[in-house]
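Okay, so here's the structure we're looking at.
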Amino acid sequence: MKFKLLLAFSFWALLVAVSCNKDDITFDAPSQELRFSTDTVFCDTVYHQVRSETYVVKVYNNEDKDIMIPRVNLEKGASSLYRINVDGKPGYDFKDVPLRKKDSLYIFVEIAPEASGPEAIAEDRVVFTGPAGQQHVTLFSVVQDAEFFIQTPTNPNVIASHTTWDNNKAKIILGDLTINPNIILNVEQGTKVYFHKNSGMKVSSGATLNINGAQDQQVILRGDRNDADHDTLPKNWNSIRMEANSTLNMNHARLFGGTRGLEMKQTNATIKNSFIHTFFEYGIYAVGSTVNASNLVMNNCGLSCIGIFRGGNHSYTHATIANYSRTMSAMDRTGIFATNEWKNDAGQTEQGALQQLSIKNSIVYSDRDNSVQFEQTPGQQFEFLIQNCLLKYSETSEAGFPFDNNANVLQSIKNEDPQFVNYFMAKMNLRVKTTSPARGKGNVSVAGTVPFDIVNVSRTANPTLGAYQ
């Protein structure tokens, strides 16, 4: 009993001592400058009245004493588009902020702006005032006005009449947006289309999607997370799903960051001067479809950049189809996969003729052993032509066709590094270096059908393989 009383007395004595020590802490004025984890916070591109992600700034006290920061405030005060949280307290102006020696405090930053035009810059500063003067951290964000398309139980979210989207407002899609049968949607140059997580677009039978970008004003189709990390990640949204007998015309577009890019079933598609990259499964997933593509750049797709199922009719001219990925390194990652078969939603296998697969003046390469894989079904038509191309080709049977002494493979090169400037997603540049084996190896007649490259450089003389001259 005495031992228990002694133990209890010791505990309370220790608690009182700790409490007394805490009460006795004195905070002095800073005698040197604070240190910050960053001097500028670049927030996402944010949309009208939509709250951004939360960003963190750490403030460090490098002194051997506890200090009291006299004032921490947003320079624009209550009128600022930003809001901050300092040491767990929200607001825009804080007095006497304590910071223990050799310690740090967190400042959380977010923005939920009102747009004043199609696109504007929101800027402010978090100001730290002390005896030595002022220090600051800059807050910076691009603010876009936006138009929302939201699917709910009471709103099926459809486009029911011929419609044109311009670049005055970003288009934000939550859920599925459906273009009704026989309806035309025109997406004009410079328009930005953002898909929320698990969202996508459906182009119904007989409908047409025209994506009309320009070289200096691409149409952007991507997930709605604009931070740098999400620029290089797939599965931020679902896909653009083209139903039977729908039509796609796409020029000068950049499509990236979803599960599948263009998901086509018996679709007619014309694709020019466009970038399709960073999809968890396929950039182009085509079932029994007709696709004509030129000046196409693709990279970073988990299963294959292009997946051709149940045959169809395909032409890829002056395409750069690469497949390099750090985030999906364990997946198949072919450049082009083609087969006569396809499993429908009921799990039944359907077959169809590959009437033609034409790959001309192109590069199909990756860091895998093989970038092209054909699976030809016995008894089914499977016609292909590979002309003046540079391929990564496995010498085993993995590719599904012989490379050498094959009448369907003409004037082509295998297993020579194309020497891309940079194939990593953060700074992707799939131009080839001056020493590349792809230089000057294109067929001149083929180049004449696509006389200018993806950045409008003439290629009629000494054409380089791929989308870039």
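Residue numbering restarts at 1 for every chain of the structure tokens, chains are lettered A, B, ... in their displayed order, and ligands are numbered from 1 as they appear.
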
Write out as a PDB file with N, CA and C atoms, in the first residue's frame each polymer residue whose atoms come within 6 Å of range 72-79 of chain A, counting only C-alpha atoms; drop sequence neighbours fewer than 6 positions from it.
```pdb
ATOM      1  N   TYR A  92      -6.366  34.487 -41.864  1.00  0.00           N
ATOM      2  CA  TYR A  92      -5.501  35.190 -42.809  1.00  0.00           C
ATOM      3  C   TYR A  92      -4.530  36.141 -42.106  1.00  0.00           C
ATOM      4  N   ASP A  93      -4.657  36.280 -40.746  1.00  0.00           N
ATOM      5  CA  ASP A  93      -3.747  37.167 -40.020  1.00  0.00           C
ATOM      6  C   ASP A  93      -3.556  36.611 -38.606  1.00  0.00           C
ATOM      7  N   PHE A  94      -2.293  36.353 -38.255  1.00  0.00           N
ATOM      8  CA  PHE A  94      -1.995  35.710 -36.975  1.00  0.00           C
ATOM      9  C   PHE A  94      -0.922  36.524 -36.243  1.00  0.00           C
ATOM     10  N   ARG A 125       1.076  36.619 -51.042  1.00  0.00           N
ATOM     11  CA  ARG A 125       2.271  36.266 -50.281  1.00  0.00           C
ATOM     12  C   ARG A 125       1.889  36.035 -48.830  1.00  0.00           C
ATOM     13  N   VAL A 126       2.497  35.007 -48.233  1.00  0.00           N
ATOM     14  CA  VAL A 126       2.427  34.840 -46.783  1.00  0.00           C
ATOM     15  C   VAL A 126       3.613  35.609 -46.206  1.00  0.00           C
ATOM     16  N   VAL A 127       3.320  36.633 -45.398  1.00  0.00           N
ATOM     17  CA  VAL A 127       4.343  37.549 -44.897  1.00  0.00           C
ATOM     18  C   VAL A 127       4.659  37.219 -43.437  1.00  0.00           C
ATOM     19  N   PHE A 128       5.942  37.136 -43.123  1.00  0.00           N
ATOM     20  CA  PHE A 128       6.430  36.885 -41.764  1.00  0.00           C
ATOM     21  C   PHE A 128       7.148  38.142 -41.296  1.00  0.00           C
TER      22      PHE A 128
END
```

Non-local contacts of range 245-261 of chain A (6 Å; only C-alpha atoms; under 3 positions in same chain excluded) as an MDAnalysis selection string: chainID A and resid 205:215 218:222 233:239 266:284

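Comparing the minimum interatomic distances between His314 in chain A and each of A:Lys192, A:Lys360, A:His136, A:Lys65, counting only C-alpha atoms, we find that A:Lys360 sits nearest.
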
Do a neighbour search on Phe36 in chain A at 12 Å with only C-alpha atoms, toss out local chain neighbours closer than 6 positions, and write the hits as a PyMOL selection string. chain A and resi 56-62+103-107+126-128+135-138

List the neighbours of Leu185 in chain A out to 8 Å using only C-alpha atoms; skip same-chain residues closer than 2 positions along the sequence, and give me the result as a PyMOL selection string. chain A and resi 162-165+179+183+187+208-210

Could those residues be written to a file, using all heavy atoms, as an mmCIF file, in the first residue's frame?
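New file result-v2.cif:
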```cif
data_model
loop_
_atom_site.group_PDB
_atom_site.id
_atom_site.type_symbol
_atom_site.label_atom_id
_atom_site.label_comp_id
_atom_site.auth_asym_id
_atom_site.auth_seq_id
_atom_site.Cartn_x
_atom_site.Cartn_y
_atom_site.Cartn_z
ATOM 1 N N HIS A 162 -26.649 19.540 -81.594
ATOM 2 C CA HIS A 162 -25.326 19.867 -82.113
ATOM 3 C C HIS A 162 -24.719 21.002 -81.281
ATOM 4 O O HIS A 162 -25.363 22.029 -81.045
ATOM 5 C CB HIS A 162 -25.411 20.283 -83.578
ATOM 6 C CG HIS A 162 -25.925 19.195 -84.489
ATOM 7 N ND1 HIS A 162 -25.727 17.855 -84.238
ATOM 8 C CD2 HIS A 162 -26.620 19.258 -85.655
ATOM 9 C CE1 HIS A 162 -26.274 17.143 -85.209
ATOM 10 N NE2 HIS A 162 -26.835 17.969 -86.078
ATOM 11 N N THR A 163 -23.482 20.798 -80.845
ATOM 12 C CA THR A 163 -22.876 21.702 -79.855
ATOM 13 C C THR A 163 -21.439 22.008 -80.240
ATOM 14 O O THR A 163 -20.737 21.146 -80.777
ATOM 15 C CB THR A 163 -22.904 21.054 -78.456
ATOM 16 O OG1 THR A 163 -24.264 20.786 -78.094
ATOM 17 C CG2 THR A 163 -22.263 21.958 -77.406
ATOM 18 N N THR A 164 -21.008 23.236 -79.956
ATOM 19 C CA THR A 164 -19.609 23.630 -80.137
ATOM 20 C C THR A 164 -19.062 24.128 -78.809
ATOM 21 O O THR A 164 -19.678 24.992 -78.171
ATOM 22 C CB THR A 164 -19.472 24.727 -81.199
ATOM 23 O OG1 THR A 164 -19.897 24.208 -82.471
ATOM 24 C CG2 THR A 164 -18.013 25.185 -81.320
ATOM 25 N N TRP A 165 -17.938 23.568 -78.396
ATOM 26 C CA TRP A 165 -17.226 24.044 -77.212
ATOM 27 C C TRP A 165 -16.065 24.929 -77.664
ATOM 28 O O TRP A 165 -15.252 24.510 -78.505
ATOM 29 C CB TRP A 165 -16.640 22.869 -76.418
ATOM 30 C CG TRP A 165 -17.648 22.088 -75.637
ATOM 31 C CD1 TRP A 165 -18.959 22.384 -75.434
ATOM 32 C CD2 TRP A 165 -17.405 20.856 -74.937
ATOM 33 N NE1 TRP A 165 -19.555 21.431 -74.654
ATOM 34 C CE2 TRP A 165 -18.624 20.482 -74.332
ATOM 35 C CE3 TRP A 165 -16.287 20.054 -74.764
ATOM 36 C CZ2 TRP A 165 -18.754 19.330 -73.571
ATOM 37 C CZ3 TRP A 165 -16.402 18.893 -74.001
ATOM 38 C CH2 TRP A 165 -17.620 18.543 -73.410
ATOM 39 N N ILE A 179 -22.768 11.939 -75.615
ATOM 40 C CA ILE A 179 -23.205 12.611 -76.831
ATOM 41 C C ILE A 179 -24.267 11.722 -77.458
ATOM 42 O O ILE A 179 -23.991 10.573 -77.819
ATOM 43 C CB ILE A 179 -22.037 12.840 -77.803
ATOM 44 C CG1 ILE A 179 -20.897 13.606 -77.123
ATOM 45 C CG2 ILE A 179 -22.510 13.588 -79.046
ATOM 46 C CD1 ILE A 179 -19.633 13.706 -77.958
ATOM 47 N N ILE A 183 -25.651 13.113 -82.987
ATOM 48 C CA ILE A 183 -25.333 14.482 -82.560
ATOM 49 C C ILE A 183 -23.847 14.746 -82.799
ATOM 50 O O ILE A 183 -23.013 13.859 -82.675
ATOM 51 C CB ILE A 183 -25.691 14.678 -81.071
ATOM 52 C CG1 ILE A 183 -27.202 14.560 -80.884
ATOM 53 C CG2 ILE A 183 -25.183 16.007 -80.549
ATOM 54 C CD1 ILE A 183 -28.023 15.561 -81.669
ATOM 55 N N VAL A 187 -15.168 20.435 -80.675
ATOM 56 C CA VAL A 187 -14.321 20.987 -79.604
ATOM 57 C C VAL A 187 -13.254 21.835 -80.286
ATOM 58 O O VAL A 187 -12.375 21.310 -80.973
ATOM 59 C CB VAL A 187 -13.687 19.864 -78.765
ATOM 60 C CG1 VAL A 187 -12.903 20.464 -77.599
ATOM 61 C CG2 VAL A 187 -14.749 18.896 -78.258
ATOM 62 N N THR A 208 -20.834 12.144 -83.758
ATOM 63 C CA THR A 208 -19.514 12.555 -84.239
ATOM 64 C C THR A 208 -18.847 13.449 -83.215
ATOM 65 O O THR A 208 -19.463 14.400 -82.713
ATOM 66 C CB THR A 208 -19.628 13.312 -85.572
ATOM 67 O OG1 THR A 208 -20.217 12.461 -86.558
ATOM 68 C CG2 THR A 208 -18.258 13.770 -86.062
ATOM 69 N N LEU A 209 -17.590 13.143 -82.925
ATOM 70 C CA LEU A 209 -16.767 13.991 -82.062
ATOM 71 C C LEU A 209 -15.657 14.582 -82.916
ATOM 72 O O LEU A 209 -14.802 13.857 -83.423
ATOM 73 C CB LEU A 209 -16.181 13.174 -80.909
ATOM 74 C CG LEU A 209 -15.183 13.892 -79.988
ATOM 75 C CD1 LEU A 209 -15.834 15.086 -79.297
ATOM 76 C CD2 LEU A 209 -14.609 12.922 -78.949
ATOM 77 N N ASN A 210 -15.687 15.899 -83.102
ATOM 78 C CA ASN A 210 -14.657 16.612 -83.845
ATOM 79 C C ASN A 210 -13.795 17.398 -82.869
ATOM 80 O O ASN A 210 -14.292 18.299 -82.177
ATOM 81 C CB ASN A 210 -15.278 17.580 -84.860
ATOM 82 C CG ASN A 210 -16.056 16.867 -85.956
ATOM 83 O OD1 ASN A 210 -15.622 15.832 -86.453
ATOM 84 N ND2 ASN A 210 -17.204 17.415 -86.331
#
```

Name the residues of range 180-429 of chain A that fall into helix (DSSP H, G or I) according to DSSP on the backbone, using the chain letters and numbers of this document, as a VMD selection string. chain A and resid 230 to 232 397 to 399 425 to 427

Kindly export the residues of the current selection with N, CA and C atoms, as an mmCIF file, in the first residue's frame.
```cif
data_model
loop_
_atom_site.group_PDB
_atom_site.id
_atom_site.type_symbol
_atom_site.label_atom_id
_atom_site.label_comp_id
_atom_site.auth_asym_id
_atom_site.auth_seq_id
_atom_site.Cartn_x
_atom_site.Cartn_y
_atom_site.Cartn_z
ATOM 1 N N HIS A 230 0.478 14.325 -60.923
ATOM 2 C CA HIS A 230 -0.585 13.671 -61.681
ATOM 3 C C HIS A 230 -0.401 13.821 -63.185
ATOM 4 N N ASP A 231 0.454 14.724 -63.624
ATOM 5 C CA ASP A 231 0.745 14.835 -65.052
ATOM 6 C C ASP A 231 1.424 13.583 -65.593
ATOM 7 N N THR A 232 2.031 12.797 -64.731
ATOM 8 C CA THR A 232 2.781 11.614 -65.182
ATOM 9 C C THR A 232 2.158 10.306 -64.709
ATOM 10 N N SER A 397 9.794 -16.025 -81.239
ATOM 11 C CA SER A 397 8.486 -15.997 -81.907
ATOM 12 C C SER A 397 7.514 -15.021 -81.253
ATOM 13 N N GLU A 398 8.012 -14.250 -80.298
ATOM 14 C CA GLU A 398 7.142 -13.360 -79.521
ATOM 15 C C GLU A 398 6.398 -12.359 -80.397
ATOM 16 N N ALA A 399 7.031 -11.862 -81.455
ATOM 17 C CA ALA A 399 6.406 -10.844 -82.285
ATOM 18 C C ALA A 399 5.261 -11.396 -83.118
ATOM 19 N N MET A 425 8.362 10.678 -68.839
ATOM 20 C CA MET A 425 7.128 11.429 -68.970
ATOM 21 C C MET A 425 7.221 12.865 -68.474
ATOM 22 N N ALA A 426 7.980 13.119 -67.438
ATOM 23 C CA ALA A 426 8.006 14.467 -66.869
ATOM 24 C C ALA A 426 8.519 15.492 -67.879
ATOM 25 N N LYS A 427 9.428 15.066 -68.753
ATOM 26 C CA LYS A 427 9.990 15.980 -69.759
ATOM 27 C C LYS A 427 10.017 15.289 -71.115
#
```

I'd like the neighbourhood of Val203 in chain A as a tab-separated table (two decimals) with all heavy atoms, in the first residue's frame, where a residue qualifies if any of its atoms comes within 8 Å (using only C-alpha atoms), though same-chain residues fewer than 6 positions away should be ignored.
```tsv
chain	number	residue	atom	x	y	z
A	178	THR	N	-22.57	11.99	-72.12
A	178	THR	CA	-22.97	11.23	-73.31
A	178	THR	C	-23.35	12.18	-74.44
A	178	THR	O	-24.15	13.10	-74.25
A	178	THR	CB	-24.17	10.32	-72.99
A	178	THR	OG1	-23.77	9.37	-71.98
A	178	THR	CG2	-24.63	9.57	-74.22
A	179	ILE	N	-22.77	11.94	-75.61
A	179	ILE	CA	-23.21	12.61	-76.83
A	179	ILE	C	-24.27	11.72	-77.46
A	179	ILE	O	-23.99	10.57	-77.82
A	179	ILE	CB	-22.04	12.84	-77.80
A	179	ILE	CG1	-20.90	13.61	-77.12
A	179	ILE	CG2	-22.51	13.59	-79.05
A	179	ILE	CD1	-19.63	13.71	-77.96
A	180	ASN	N	-25.46	12.22	-77.56
A	180	ASN	CA	-26.59	11.40	-78.02
A	180	ASN	C	-26.40	10.93	-79.47
A	180	ASN	O	-25.62	11.51	-80.22
A	180	ASN	CB	-27.89	12.18	-77.89
A	180	ASN	CG	-28.55	11.99	-76.53
A	180	ASN	OD1	-28.04	11.25	-75.68
A	180	ASN	ND2	-29.67	12.65	-76.31
A	181	PRO	N	-27.13	9.89	-79.88
A	181	PRO	CA	-27.01	9.40	-81.25
A	181	PRO	C	-27.23	10.50	-82.29
A	181	PRO	O	-28.12	11.35	-82.14
A	181	PRO	CB	-28.12	8.33	-81.33
A	181	PRO	CG	-28.27	7.85	-79.93
A	181	PRO	CD	-28.05	9.06	-79.07
A	209	LEU	N	-17.59	13.14	-82.92
A	209	LEU	CA	-16.77	13.99	-82.06
A	209	LEU	C	-15.66	14.58	-82.92
A	209	LEU	O	-14.80	13.86	-83.42
A	209	LEU	CB	-16.18	13.17	-80.91
A	209	LEU	CG	-15.18	13.89	-79.99
A	209	LEU	CD1	-15.83	15.09	-79.30
A	209	LEU	CD2	-14.61	12.92	-78.95
A	240	ILE	N	-12.59	7.89	-73.40
A	240	ILE	CA	-13.57	8.38	-74.37
A	240	ILE	C	-14.07	7.14	-75.11
A	240	ILE	O	-13.31	6.50	-75.84
A	240	ILE	CB	-12.97	9.40	-75.33
A	240	ILE	CG1	-12.55	10.66	-74.56
A	240	ILE	CG2	-13.97	9.76	-76.44
A	240	ILE	CD1	-11.86	11.71	-75.40
A	241	ARG	N	-15.31	6.79	-74.90
A	241	ARG	CA	-15.86	5.53	-75.40
A	241	ARG	C	-16.69	5.79	-76.65
A	241	ARG	O	-17.74	6.44	-76.61
A	241	ARG	CB	-16.71	4.88	-74.30
A	241	ARG	CG	-17.04	3.43	-74.56
A	241	ARG	CD	-17.59	2.75	-73.32
A	241	ARG	NE	-18.94	3.18	-72.98
A	241	ARG	CZ	-19.26	3.96	-71.96
A	241	ARG	NH1	-18.30	4.46	-71.18
A	241	ARG	NH2	-20.51	4.28	-71.72
A	242	MET	N	-16.20	5.29	-77.77
A	242	MET	CA	-16.84	5.48	-79.07
A	242	MET	C	-17.67	4.24	-79.40
A	242	MET	O	-17.13	3.14	-79.53
A	242	MET	CB	-15.80	5.71	-80.16
A	242	MET	CG	-14.74	6.76	-79.85
A	242	MET	SD	-15.34	8.46	-79.93
A	242	MET	CE	-15.93	8.57	-81.60
A	243	GLU	N	-18.99	4.42	-79.53
A	243	GLU	CA	-19.87	3.29	-79.81
A	243	GLU	C	-19.88	2.96	-81.31
A	243	GLU	O	-19.32	3.67	-82.13
A	243	GLU	CB	-21.29	3.61	-79.32
A	243	GLU	CG	-21.38	3.78	-77.80
A	243	GLU	CD	-21.08	2.49	-77.07
A	243	GLU	OE1	-21.86	1.52	-77.22
A	243	GLU	OE2	-20.07	2.43	-76.35
A	246	SER	N	-19.94	5.31	-84.69
A	246	SER	CA	-19.62	6.69	-84.33
A	246	SER	C	-18.37	7.12	-85.11
A	246	SER	O	-17.67	6.30	-85.71
A	246	SER	CB	-19.38	6.82	-82.82
A	246	SER	OG	-18.28	6.00	-82.43
```

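When the distance limit is 10 Å and only C-alpha atoms are what count, the residues near Thr26 in chain A, minus those fewer than 5 positions from it on the same chain, are Lys65, Asp66, Ile67, Met68, Pro98 and Arg100 of chain A.
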
A straight line from CA of Leu357 in chain A to CA of Glu416 in chain A spans 22.8 Å

Excluding range 382-396 of chain A and residues on its chain fewer than 5 positions from it, collect all residues at most 6 Å away from it, counting only C-alpha atoms, and give them as number ranges by chain. A: 354-365, 369-371, 408-415, 442

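Of the listed residues (A:Ala338, A:Met264, A:Leu430, A:Ala438), A:Met264 comes nearest to Ala286 in chain A; the distances count only C-alpha atoms.
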
Could you tell me how far CA of Ala146 in chain A lies from CA of Ala170 in chain A, in Å and to one decimal? 4.5 Å
